[in-house]
$ cat entry.pdb   # PDB, N, CA and C atoms, pLDDT in the B column
ATOM      1  N   MET A   1      62.941   9.954  13.379  1.00 47.00           N
ATOM      2  CA  MET A   1      62.357   9.172  14.457  1.00 47.00           C
ATOM      3  C   MET A   1      61.392  10.026  15.297  1.00 47.00           C
ATOM      4  N   LYS A   2      61.810  11.285  15.581  1.00 50.00           N
ATOM      5  CA  LYS A   2      60.938  12.153  16.361  1.00 50.00           C
ATOM      6  C   LYS A   2      59.652  12.458  15.601  1.00 50.00           C
ATOM      7  N   ASN A   3      59.757  12.643  14.272  1.00 55.00           N
ATOM      8  CA  ASN A   3      58.557  12.917  13.477  1.00 55.00           C
ATOM      9  C   ASN A   3      57.582  11.753  13.535  1.00 55.00           C
ATOM     10  N   ARG A   4      58.129  10.539  13.515  1.00 59.00           N
ATOM     11  CA  ARG A   4      57.286   9.346  13.586  1.00 59.00           C
ATOM     12  C   ARG A   4      56.563   9.276  14.927  1.00 59.00           C
ATOM     13  N   ALA A   5      57.304   9.558  16.014  1.00 52.00           N
ATOM     14  CA  ALA A   5      56.696   9.546  17.351  1.00 52.00           C
ATOM     15  C   ALA A   5      55.648  10.646  17.465  1.00 52.00           C
ATOM     16  N   ALA A   6      55.950  11.807  16.906  1.00 53.00           N
ATOM     17  CA  ALA A   6      54.989  12.922  16.957  1.00 53.00           C
ATOM     18  C   ALA A   6      53.735  12.576  16.172  1.00 53.00           C
ATOM     19  N   ALA A   7      53.903  11.947  15.013  1.00 56.00           N
ATOM     20  CA  ALA A   7      52.744  11.560  14.199  1.00 56.00           C
ATOM     21  C   ALA A   7      51.904  10.528  14.933  1.00 56.00           C
ATOM     22  N   LYS A   8      52.573   9.577  15.589  1.00 56.00           N
ATOM     23  CA  LYS A   8      51.843   8.556  16.350  1.00 56.00           C
ATOM     24  C   LYS A   8      51.090   9.202  17.510  1.00 56.00           C
ATOM     25  N   ALA A   9      51.737  10.152  18.183  1.00 52.00           N
ATOM     26  CA  ALA A   9      51.086  10.848  19.295  1.00 52.00           C
ATOM     27  C   ALA A   9      49.865  11.610  18.806  1.00 52.00           C
ATOM     28  N   ARG A  10      49.989  12.299  17.670  1.00 55.00           N
ATOM     29  CA  ARG A  10      48.840  13.029  17.125  1.00 55.00           C
ATOM     30  C   ARG A  10      47.729  12.067  16.757  1.00 55.00           C
ATOM     31  N   SER A  11      48.081  10.928  16.187  1.00 56.00           N
ATOM     32  CA  SER A  11      47.094   9.927  15.809  1.00 56.00           C
ATOM     33  C   SER A  11      46.366   9.406  17.043  1.00 56.00           C
ATOM     34  N   THR A  12      47.120   9.139  18.112  1.00 56.00           N
ATOM     35  CA  THR A  12      46.517   8.635  19.338  1.00 56.00           C
ATOM     36  C   THR A  12      45.601   9.674  19.946  1.00 56.00           C
ATOM     37  N   VAL A  13      46.044  10.923  20.000  1.00 53.00           N
ATOM     38  CA  VAL A  13      45.211  11.983  20.566  1.00 53.00           C
ATOM     39  C   VAL A  13      43.946  12.132  19.748  1.00 53.00           C
ATOM     40  N   ARG A  14      44.082  12.062  18.440  1.00 66.00           N
ATOM     41  CA  ARG A  14      42.894  12.169  17.591  1.00 66.00           C
ATOM     42  C   ARG A  14      41.921  11.050  17.924  1.00 66.00           C
ATOM     43  N   SER A  15      42.398   9.815  18.076  1.00 83.00           N
ATOM     44  CA  SER A  15      41.484   8.724  18.383  1.00 83.00           C
ATOM     45  C   SER A  15      40.949   8.854  19.805  1.00 83.00           C
ATOM     46  N   THR A  16      41.762   9.422  20.701  1.00 85.00           N
ATOM     47  CA  THR A  16      41.283   9.666  22.061  1.00 85.00           C
ATOM     48  C   THR A  16      40.195  10.729  22.035  1.00 85.00           C
ATOM     49  N   GLU A  17      40.394  11.771  21.255  1.00 88.00           N
ATOM     50  CA  GLU A  17      39.368  12.806  21.124  1.00 88.00           C
ATOM     51  C   GLU A  17      38.095  12.231  20.525  1.00 88.00           C
ATOM     52  N   GLU A  18      38.256  11.328  19.565  1.00 90.00           N
ATOM     53  CA  GLU A  18      37.080  10.669  18.979  1.00 90.00           C
ATOM     54  C   GLU A  18      36.362   9.827  20.028  1.00 90.00           C
ATOM     55  N   ALA A  19      37.128   9.141  20.866  1.00 90.00           N
ATOM     56  CA  ALA A  19      36.529   8.326  21.921  1.00 90.00           C
ATOM     57  C   ALA A  19      35.764   9.203  22.901  1.00 90.00           C
ATOM     58  N   VAL A  20      36.327  10.370  23.236  1.00 93.00           N
ATOM     59  CA  VAL A  20      35.648  11.305  24.133  1.00 93.00           C
ATOM     60  C   VAL A  20      34.355  11.795  23.487  1.00 93.00           C
ATOM     61  N   GLU A  21      34.414  12.120  22.201  1.00 93.00           N
ATOM     62  CA  GLU A  21      33.210  12.569  21.493  1.00 93.00           C
ATOM     63  C   GLU A  21      32.144  11.487  21.474  1.00 93.00           C
ATOM     64  N   GLN A  22      32.562  10.238  21.234  1.00 92.00           N
ATOM     65  CA  GLN A  22      31.608   9.131  21.208  1.00 92.00           C
ATOM     66  C   GLN A  22      30.993   8.908  22.584  1.00 92.00           C
ATOM     67  N   LEU A  23      31.824   8.997  23.632  1.00 94.00           N
ATOM     68  CA  LEU A  23      31.309   8.843  24.994  1.00 94.00           C
ATOM     69  C   LEU A  23      30.334   9.963  25.317  1.00 94.00           C
ATOM     70  N   ASP A  24      30.689  11.186  24.958  1.00 95.00           N
ATOM     71  CA  ASP A  24      29.804  12.323  25.196  1.00 95.00           C
ATOM     72  C   ASP A  24      28.476  12.132  24.475  1.00 95.00           C
ATOM     73  N   HIS A  25      28.534  11.697  23.236  1.00 95.00           N
ATOM     74  CA  HIS A  25      27.308  11.474  22.454  1.00 95.00           C
ATOM     75  C   HIS A  25      26.449  10.382  23.098  1.00 95.00           C
ATOM     76  N   ALA A  26      27.087   9.291  23.509  1.00 94.00           N
ATOM     77  CA  ALA A  26      26.339   8.186  24.126  1.00 94.00           C
ATOM     78  C   ALA A  26      25.708   8.624  25.443  1.00 94.00           C
ATOM     79  N   LEU A  27      26.464   9.360  26.252  1.00 95.00           N
ATOM     80  CA  LEU A  27      25.915   9.831  27.521  1.00 95.00           C
ATOM     81  C   LEU A  27      24.758  10.797  27.297  1.00 95.00           C
ATOM     82  N   ARG A  28      24.921  11.699  26.352  1.00 95.00           N
ATOM     83  CA  ARG A  28      23.841  12.654  26.056  1.00 95.00           C
ATOM     84  C   ARG A  28      22.599  11.921  25.545  1.00 95.00           C
ATOM     85  N   GLY A  29      22.815  10.795  24.854  1.00 95.00           N
ATOM     86  CA  GLY A  29      21.695  10.008  24.347  1.00 95.00           C
ATOM     87  C   GLY A  29      20.818   9.441  25.448  1.00 95.00           C
ATOM     88  N   VAL A  30      21.375   9.296  26.644  1.00 93.00           N
ATOM     89  CA  VAL A  30      20.578   8.812  27.778  1.00 93.00           C
ATOM     90  C   VAL A  30      20.370   9.923  28.811  1.00 93.00           C
ATOM     91  N   GLY A  31      20.564  11.169  28.363  1.00 92.00           N
ATOM     92  CA  GLY A  31      20.262  12.315  29.217  1.00 92.00           C
ATOM     93  C   GLY A  31      21.334  12.703  30.218  1.00 92.00           C
ATOM     94  N   ILE A  32      22.558  12.250  30.015  1.00 94.00           N
ATOM     95  CA  ILE A  32      23.654  12.563  30.938  1.00 94.00           C
ATOM     96  C   ILE A  32      24.619  13.518  30.258  1.00 94.00           C
ATOM     97  N   VAL A  33      24.917  14.638  30.917  1.00 94.00           N
ATOM     98  CA  VAL A  33      25.887  15.596  30.397  1.00 94.00           C
ATOM     99  C   VAL A  33      26.988  15.764  31.441  1.00 94.00           C
ATOM    100  N   LEU A  34      28.205  15.399  31.061  1.00 95.00           N
ATOM    101  CA  LEU A  34      29.368  15.626  31.917  1.00 95.00           C
ATOM    102  C   LEU A  34      30.104  16.833  31.347  1.00 95.00           C
ATOM    103  N   PRO A  35      29.906  18.012  31.930  1.00 92.00           N
ATOM    104  CA  PRO A  35      30.445  19.234  31.337  1.00 92.00           C
ATOM    105  C   PRO A  35      31.966  19.293  31.303  1.00 92.00           C
ATOM    106  N   SER A  36      32.635  18.526  32.132  1.00 94.00           N
ATOM    107  CA  SER A  36      34.101  18.567  32.173  1.00 94.00           C
ATOM    108  C   SER A  36      34.743  17.413  31.408  1.00 94.00           C
ATOM    109  N   LEU A  37      33.973  16.638  30.682  1.00 96.00           N
ATOM    110  CA  LEU A  37      34.490  15.498  29.937  1.00 96.00           C
ATOM    111  C   LEU A  37      35.490  15.974  28.885  1.00 96.00           C
ATOM    112  N   ARG A  38      36.713  15.415  28.911  1.00 94.00           N
ATOM    113  CA  ARG A  38      37.747  15.835  27.963  1.00 94.00           C
ATOM    114  C   ARG A  38      38.927  14.876  28.004  1.00 94.00           C
ATOM    115  N   VAL A  39      39.834  15.048  27.061  1.00 91.00           N
ATOM    116  CA  VAL A  39      41.110  14.340  27.093  1.00 91.00           C
ATOM    117  C   VAL A  39      41.943  15.000  28.181  1.00 91.00           C
ATOM    118  N   ASP A  40      42.536  14.206  29.048  1.00 91.00           N
ATOM    119  CA  ASP A  40      43.396  14.742  30.091  1.00 91.00           C
ATOM    120  C   ASP A  40      44.543  15.508  29.451  1.00 91.00           C
ATOM    121  N   PRO A  41      44.707  16.792  29.773  1.00 89.00           N
ATOM    122  CA  PRO A  41      45.715  17.593  29.084  1.00 89.00           C
ATOM    123  C   PRO A  41      47.152  17.138  29.350  1.00 89.00           C
ATOM    124  N   VAL A  42      47.437  16.588  30.517  1.00 89.00           N
ATOM    125  CA  VAL A  42      48.799  16.166  30.825  1.00 89.00           C
ATOM    126  C   VAL A  42      49.174  14.920  30.033  1.00 89.00           C
ATOM    127  N   THR A  43      48.342  13.883  30.096  1.00 87.00           N
ATOM    128  CA  THR A  43      48.667  12.658  29.360  1.00 87.00           C
ATOM    129  C   THR A  43      48.427  12.825  27.867  1.00 87.00           C
ATOM    130  N   GLY A  44      47.517  13.712  27.496  1.00 84.00           N
ATOM    131  CA  GLY A  44      47.269  13.980  26.081  1.00 84.00           C
ATOM    132  C   GLY A  44      48.443  14.655  25.411  1.00 84.00           C
ATOM    133  N   ALA A  45      49.202  15.440  26.165  1.00 84.00           N
ATOM    134  CA  ALA A  45      50.352  16.157  25.617  1.00 84.00           C
ATOM    135  C   ALA A  45      51.644  15.361  25.766  1.00 84.00           C
ATOM    136  N   SER A  46      51.597  14.253  26.477  1.00 82.00           N
ATOM    137  CA  SER A  46      52.811  13.467  26.701  1.00 82.00           C
ATOM    138  C   SER A  46      53.000  12.450  25.578  1.00 82.00           C
ATOM    139  N   GLU A  47      54.046  11.686  25.682  1.00 80.00           N
ATOM    140  CA  GLU A  47      54.323  10.644  24.693  1.00 80.00           C
ATOM    141  C   GLU A  47      53.742   9.294  25.095  1.00 80.00           C
ATOM    142  N   LEU A  48      52.907   9.283  26.112  1.00 73.00           N
ATOM    143  CA  LEU A  48      52.260   8.040  26.518  1.00 73.00           C
ATOM    144  C   LEU A  48      51.395   7.524  25.374  1.00 73.00           C
ATOM    145  N   PRO A  49      51.355   6.214  25.179  1.00 76.00           N
ATOM    146  CA  PRO A  49      50.586   5.688  24.042  1.00 76.00           C
ATOM    147  C   PRO A  49      49.079   5.830  24.194  1.00 76.00           C
ATOM    148  N   PHE A  50      48.596   5.903  25.419  1.00 80.00           N
ATOM    149  CA  PHE A  50      47.148   5.975  25.622  1.00 80.00           C
ATOM    150  C   PHE A  50      46.818   7.107  26.591  1.00 80.00           C
ATOM    151  N   PRO A  51      46.506   8.289  26.071  1.00 87.00           N
ATOM    152  CA  PRO A  51      46.114   9.389  26.956  1.00 87.00           C
ATOM    153  C   PRO A  51      44.868   9.018  27.761  1.00 87.00           C
ATOM    154  N   LEU A  52      44.743   9.619  28.911  1.00 90.00           N
ATOM    155  CA  LEU A  52      43.597   9.365  29.772  1.00 90.00           C
ATOM    156  C   LEU A  52      42.422  10.250  29.386  1.00 90.00           C
ATOM    157  N   VAL A  53      41.239   9.769  29.693  1.00 93.00           N
ATOM    158  CA  VAL A  53      40.024  10.553  29.502  1.00 93.00           C
ATOM    159  C   VAL A  53      39.604  11.034  30.883  1.00 93.00           C
ATOM    160  N   GLU A  54      39.454  12.338  31.002  1.00 94.00           N
ATOM    161  CA  GLU A  54      39.046  12.944  32.264  1.00 94.00           C
ATOM    162  C   GLU A  54      37.538  13.114  32.245  1.00 94.00           C
ATOM    163  N   LEU A  55      36.867  12.411  33.147  1.00 93.00           N
ATOM    164  CA  LEU A  55      35.413  12.488  33.194  1.00 93.00           C
ATOM    165  C   LEU A  55      34.955  13.775  33.873  1.00 93.00           C
ATOM    166  N   GLY A  56      35.779  14.328  34.726  1.00 89.00           N
ATOM    167  CA  GLY A  56      35.492  15.617  35.325  1.00 89.00           C
ATOM    168  C   GLY A  56      34.466  15.558  36.433  1.00 89.00           C
ATOM    169  N   CYS A  57      33.970  16.711  36.760  1.00 91.00           N
ATOM    170  CA  CYS A  57      33.011  16.874  37.855  1.00 91.00           C
ATOM    171  C   CYS A  57      31.588  16.911  37.315  1.00 91.00           C
ATOM    172  N   CYS A  58      30.664  16.540  38.184  1.00 92.00           N
ATOM    173  CA  CYS A  58      29.252  16.698  37.857  1.00 92.00           C
ATOM    174  C   CYS A  58      28.515  16.950  39.152  1.00 92.00           C
ATOM    175  N   ASN A  59      27.320  17.470  39.022  1.00 93.00           N
ATOM    176  CA  ASN A  59      26.542  17.731  40.236  1.00 93.00           C
ATOM    177  C   ASN A  59      25.862  16.450  40.718  1.00 93.00           C
ATOM    178  N   LEU A  60      25.252  16.545  41.869  1.00 95.00           N
ATOM    179  CA  LEU A  60      24.614  15.389  42.502  1.00 95.00           C
ATOM    180  C   LEU A  60      23.529  14.778  41.624  1.00 95.00           C
ATOM    181  N   GLN A  61      22.740  15.595  40.973  1.00 95.00           N
ATOM    182  CA  GLN A  61      21.662  15.078  40.126  1.00 95.00           C
ATOM    183  C   GLN A  61      22.215  14.290  38.949  1.00 95.00           C
ATOM    184  N   VAL A  62      23.268  14.806  38.317  1.00 94.00           N
ATOM    185  CA  VAL A  62      23.877  14.091  37.194  1.00 94.00           C
ATOM    186  C   VAL A  62      24.461  12.769  37.674  1.00 94.00           C
ATOM    187  N   ALA A  63      25.110  12.763  38.833  1.00 94.00           N
ATOM    188  CA  ALA A  63      25.670  11.529  39.385  1.00 94.00           C
ATOM    189  C   ALA A  63      24.568  10.497  39.644  1.00 94.00           C
ATOM    190  N   ALA A  64      23.451  10.944  40.194  1.00 96.00           N
ATOM    191  CA  ALA A  64      22.333  10.037  40.452  1.00 96.00           C
ATOM    192  C   ALA A  64      21.747   9.506  39.144  1.00 96.00           C
ATOM    193  N   ASN A  65      21.616  10.380  38.139  1.00 95.00           N
ATOM    194  CA  ASN A  65      21.101   9.951  36.834  1.00 95.00           C
ATOM    195  C   ASN A  65      22.045   8.942  36.177  1.00 95.00           C
ATOM    196  N   LEU A  66      23.334   9.191  36.267  1.00 94.00           N
ATOM    197  CA  LEU A  66      24.316   8.274  35.697  1.00 94.00           C
ATOM    198  C   LEU A  66      24.239   6.918  36.375  1.00 94.00           C
ATOM    199  N   ALA A  67      24.123   6.907  37.692  1.00 96.00           N
ATOM    200  CA  ALA A  67      23.993   5.648  38.429  1.00 96.00           C
ATOM    201  C   ALA A  67      22.741   4.892  37.983  1.00 96.00           C
ATOM    202  N   ALA A  68      21.644   5.615  37.801  1.00 96.00           N
ATOM    203  CA  ALA A  68      20.388   4.963  37.386  1.00 96.00           C
ATOM    204  C   ALA A  68      20.522   4.358  35.997  1.00 96.00           C
ATOM    205  N   VAL A  69      21.163   5.082  35.080  1.00 95.00           N
ATOM    206  CA  VAL A  69      21.354   4.567  33.719  1.00 95.00           C
ATOM    207  C   VAL A  69      22.245   3.323  33.743  1.00 95.00           C
ATOM    208  N   LEU A  70      23.284   3.353  34.543  1.00 94.00           N
ATOM    209  CA  LEU A  70      24.189   2.202  34.626  1.00 94.00           C
ATOM    210  C   LEU A  70      23.492   0.988  35.254  1.00 94.00           C
ATOM    211  N   ARG A  71      22.679   1.234  36.293  1.00 95.00           N
ATOM    212  CA  ARG A  71      21.937   0.122  36.895  1.00 95.00           C
ATOM    213  C   ARG A  71      20.979  -0.505  35.880  1.00 95.00           C
ATOM    214  N   LYS A  72      20.289   0.338  35.131  1.00 93.00           N
ATOM    215  CA  LYS A  72      19.350  -0.156  34.115  1.00 93.00           C
ATOM    216  C   LYS A  72      20.094  -0.958  33.045  1.00 93.00           C
ATOM    217  N   ALA A  73      21.247  -0.461  32.612  1.00 92.00           N
ATOM    218  CA  ALA A  73      22.029  -1.176  31.605  1.00 92.00           C
ATOM    219  C   ALA A  73      22.538  -2.518  32.127  1.00 92.00           C
ATOM    220  N   ALA A  74      22.856  -2.571  33.408  1.00 93.00           N
ATOM    221  CA  ALA A  74      23.353  -3.804  34.001  1.00 93.00           C
ATOM    222  C   ALA A  74      22.267  -4.881  34.074  1.00 93.00           C
ATOM    223  N   GLU A  75      21.028  -4.460  34.109  1.00 94.00           N
ATOM    224  CA  GLU A  75      19.917  -5.394  34.179  1.00 94.00           C
ATOM    225  C   GLU A  75      19.641  -6.073  32.844  1.00 94.00           C
ATOM    226  N   THR A  76      20.074  -5.488  31.769  1.00 84.00           N
ATOM    227  CA  THR A  76      19.768  -6.054  30.446  1.00 84.00           C
ATOM    228  C   THR A  76      20.863  -6.953  29.945  1.00 84.00           C
TER     229      THR A  76
END
$ encode --input "entry.pdb" --output "structure tokens"
Amino acid sequence: MKNRAAAKARSTVRSTEEAVEQLDHALRGVGIVLPSLRVDPVTGASELPFPLVELGCCNLQVAANLAAVLRKAAET
């Protein structure tokens, strides 16, 4: 039973890591780099079914650029 839970946890973390990679790629595609973007280490190491994604910190310019990209996307 523990092996099954461990395998499921590894599978979830892998898909969470893939989601982080996809988000990073998409953000970079519109010129946004979040240097602290990662899987949250606490929830990623726990048995929770859905680890959290930590967006991390960014400087003021990156925050302004992200807001502009989101506003533009909302218009379409």
$ closest_residue --input "entry.pdb" --among "A:Pro35, A:Val30, A:Glu18, A:His25" --to "Ala67 (chain A)" --atoms "only C-alpha atoms"
A:Val30
$ atom_distance --input "entry.pdb" --atom1 "CA of Leu37 (chain A)" --atom2 "CA of Val53 (chain A)"
7.4 Å
$ select_by_dssp --input "entry.pdb" --residues "chain A" --states "strand (DSSP E)" --output "PyMOL selection string"
chain A and resi 38-39+53-54
$ write_last_selection --input "entry.pdb" --atoms "N, CA and C atoms" --output "PDB file, in the coordinates of the input"
ATOM      1  N   ARG A  38      36.713  15.415  28.911  1.00 94.00           N
ATOM      2  CA  ARG A  38      37.747  15.835  27.963  1.00 94.00           C
ATOM      3  C   ARG A  38      38.927  14.876  28.004  1.00 94.00           C
ATOM      4  N   VAL A  39      39.834  15.048  27.061  1.00 91.00           N
ATOM      5  CA  VAL A  39      41.110  14.340  27.093  1.00 91.00           C
ATOM      6  C   VAL A  39      41.943  15.000  28.181  1.00 91.00           C
ATOM      7  N   VAL A  53      41.239   9.769  29.693  1.00 93.00           N
ATOM      8  CA  VAL A  53      40.024  10.553  29.502  1.00 93.00           C
ATOM      9  C   VAL A  53      39.604  11.034  30.883  1.00 93.00           C
ATOM     10  N   GLU A  54      39.454  12.338  31.002  1.00 94.00           N
ATOM     11  CA  GLU A  54      39.046  12.944  32.264  1.00 94.00           C
ATOM     12  C   GLU A  54      37.538  13.114  32.245  1.00 94.00           C
TER      13      GLU A  54
END
$ atom_distance --input "entry.pdb" --atom1 "CA of Leu48 (chain A)" --atom2 "atom C of Leu34 (chain A)"
24.3 Å
$ select_by_dssp --input "entry.pdb" --residues "chain A" --states "alpha helix (DSSP H)" --output "PyMOL selection string"
chain A and resi 2-29+41-45+60-75
$ atom_distance --input "entry.pdb" --atom1 "CA of Val62 (chain A)" --atom2 "CA of Gly31 (chain A)"
8.9 Å
$ residues_around --input "entry.pdb" --residues "Pro51 (chain A)" --least-positions-apart "2" --cutoff "8 Å" --atoms "all atoms listed in the file" --output "list in words"
Thr12, Val13, Thr16, Val39, Asp40, Val42, Thr43, Gly44, Ala45, Ser46, Glu47, Leu48, Pro49, Val53 and Glu54 of chain A
$ write_last_selection --input "entry.pdb" --atoms "N, CA and C atoms" --output "CSV table (one decimal), in the frame of the given file"
chain,number,residue,atom,x,y,z
A,12,THR,N,47.1,9.1,18.1
A,12,THR,CA,46.5,8.6,19.3
A,12,THR,C,45.6,9.7,19.9
A,13,VAL,N,46.0,10.9,20.0
A,13,VAL,CA,45.2,12.0,20.6
A,13,VAL,C,43.9,12.1,19.7
A,16,THR,N,41.8,9.4,20.7
A,16,THR,CA,41.3,9.7,22.1
A,16,THR,C,40.2,10.7,22.0
A,39,VAL,N,39.8,15.0,27.1
A,39,VAL,CA,41.1,14.3,27.1
A,39,VAL,C,41.9,15.0,28.2
A,40,ASP,N,42.5,14.2,29.0
A,40,ASP,CA,43.4,14.7,30.1
A,40,ASP,C,44.5,15.5,29.5
A,42,VAL,N,47.4,16.6,30.5
A,42,VAL,CA,48.8,16.2,30.8
A,42,VAL,C,49.2,14.9,30.0
A,43,THR,N,48.3,13.9,30.1
A,43,THR,CA,48.7,12.7,29.4
A,43,THR,C,48.4,12.8,27.9
A,44,GLY,N,47.5,13.7,27.5
A,44,GLY,CA,47.3,14.0,26.1
A,44,GLY,C,48.4,14.7,25.4
A,45,ALA,N,49.2,15.4,26.2
A,45,ALA,CA,50.4,16.2,25.6
A,45,ALA,C,51.6,15.4,25.8
A,46,SER,N,51.6,14.3,26.5
A,46,SER,CA,52.8,13.5,26.7
A,46,SER,C,53.0,12.4,25.6
A,47,GLU,N,54.0,11.7,25.7
A,47,GLU,CA,54.3,10.6,24.7
A,47,GLU,C,53.7,9.3,25.1
A,48,LEU,N,52.9,9.3,26.1
A,48,LEU,CA,52.3,8.0,26.5
A,48,LEU,C,51.4,7.5,25.4
A,49,PRO,N,51.4,6.2,25.2
A,49,PRO,CA,50.6,5.7,24.0
A,49,PRO,C,49.1,5.8,24.2
A,53,VAL,N,41.2,9.8,29.7
A,53,VAL,CA,40.0,10.6,29.5
A,53,VAL,C,39.6,11.0,30.9
A,54,GLU,N,39.5,12.3,31.0
A,54,GLU,CA,39.0,12.9,32.3
A,54,GLU,C,37.5,13.1,32.2
$ build_atoms --input "entry.pdb" --residues "region 40-53 of chain A" --atoms "N, CA, C and O atoms" --output "mmCIF file, in the coordinates of the input"
data_model
loop_
_atom_site.group_PDB
_atom_site.id
_atom_site.type_symbol
_atom_site.label_atom_id
_atom_site.label_comp_id
_atom_site.auth_asym_id
_atom_site.auth_seq_id
_atom_site.Cartn_x
_atom_site.Cartn_y
_atom_site.Cartn_z
ATOM 1 N N ASP A 40 42.536 14.206 29.048
ATOM 2 C CA ASP A 40 43.396 14.742 30.091
ATOM 3 C C ASP A 40 44.543 15.508 29.451
ATOM 4 O O ASP A 40 45.272 14.954 28.626
ATOM 5 N N PRO A 41 44.707 16.792 29.773
ATOM 6 C CA PRO A 41 45.715 17.593 29.084
ATOM 7 C C PRO A 41 47.152 17.138 29.350
ATOM 8 O O PRO A 41 48.008 17.268 28.482
ATOM 9 N N VAL A 42 47.437 16.588 30.517
ATOM 10 C CA VAL A 42 48.799 16.166 30.825
ATOM 11 C C VAL A 42 49.174 14.920 30.033
ATOM 12 O O VAL A 42 50.193 14.883 29.338
ATOM 13 N N THR A 43 48.342 13.883 30.096
ATOM 14 C CA THR A 43 48.667 12.658 29.360
ATOM 15 C C THR A 43 48.427 12.825 27.867
ATOM 16 O O THR A 43 49.063 12.166 27.060
ATOM 17 N N GLY A 44 47.517 13.712 27.496
ATOM 18 C CA GLY A 44 47.269 13.980 26.081
ATOM 19 C C GLY A 44 48.443 14.655 25.411
ATOM 20 O O GLY A 44 48.679 14.472 24.222
ATOM 21 N N ALA A 45 49.202 15.440 26.165
ATOM 22 C CA ALA A 45 50.352 16.157 25.617
ATOM 23 C C ALA A 45 51.644 15.361 25.766
ATOM 24 O O ALA A 45 52.674 15.760 25.231
ATOM 25 N N SER A 46 51.597 14.253 26.477
ATOM 26 C CA SER A 46 52.811 13.467 26.701
ATOM 27 C C SER A 46 53.000 12.450 25.578
ATOM 28 O O SER A 46 52.197 12.365 24.656
ATOM 29 N N GLU A 47 54.046 11.686 25.682
ATOM 30 C CA GLU A 47 54.323 10.644 24.693
ATOM 31 C C GLU A 47 53.742 9.294 25.095
ATOM 32 O O GLU A 47 54.055 8.276 24.493
ATOM 33 N N LEU A 48 52.907 9.283 26.112
ATOM 34 C CA LEU A 48 52.260 8.040 26.518
ATOM 35 C C LEU A 48 51.395 7.524 25.374
ATOM 36 O O LEU A 48 50.749 8.308 24.680
ATOM 37 N N PRO A 49 51.355 6.214 25.179
ATOM 38 C CA PRO A 49 50.586 5.688 24.042
ATOM 39 C C PRO A 49 49.079 5.830 24.194
ATOM 40 O O PRO A 49 48.367 5.866 23.212
ATOM 41 N N PHE A 50 48.596 5.903 25.419
ATOM 42 C CA PHE A 50 47.148 5.975 25.622
ATOM 43 C C PHE A 50 46.818 7.107 26.591
ATOM 44 O O PHE A 50 46.814 6.913 27.800
ATOM 45 N N PRO A 51 46.506 8.289 26.071
ATOM 46 C CA PRO A 51 46.114 9.389 26.956
ATOM 47 C C PRO A 51 44.868 9.018 27.761
ATOM 48 O O PRO A 51 44.056 8.209 27.322
ATOM 49 N N LEU A 52 44.743 9.619 28.911
ATOM 50 C CA LEU A 52 43.597 9.365 29.772
ATOM 51 C C LEU A 52 42.422 10.250 29.386
ATOM 52 O O LEU A 52 42.597 11.327 28.839
ATOM 53 N N VAL A 53 41.239 9.769 29.693
ATOM 54 C CA VAL A 53 40.024 10.553 29.502
ATOM 55 C C VAL A 53 39.604 11.034 30.883
ATOM 56 O O VAL A 53 39.444 10.247 31.814
#
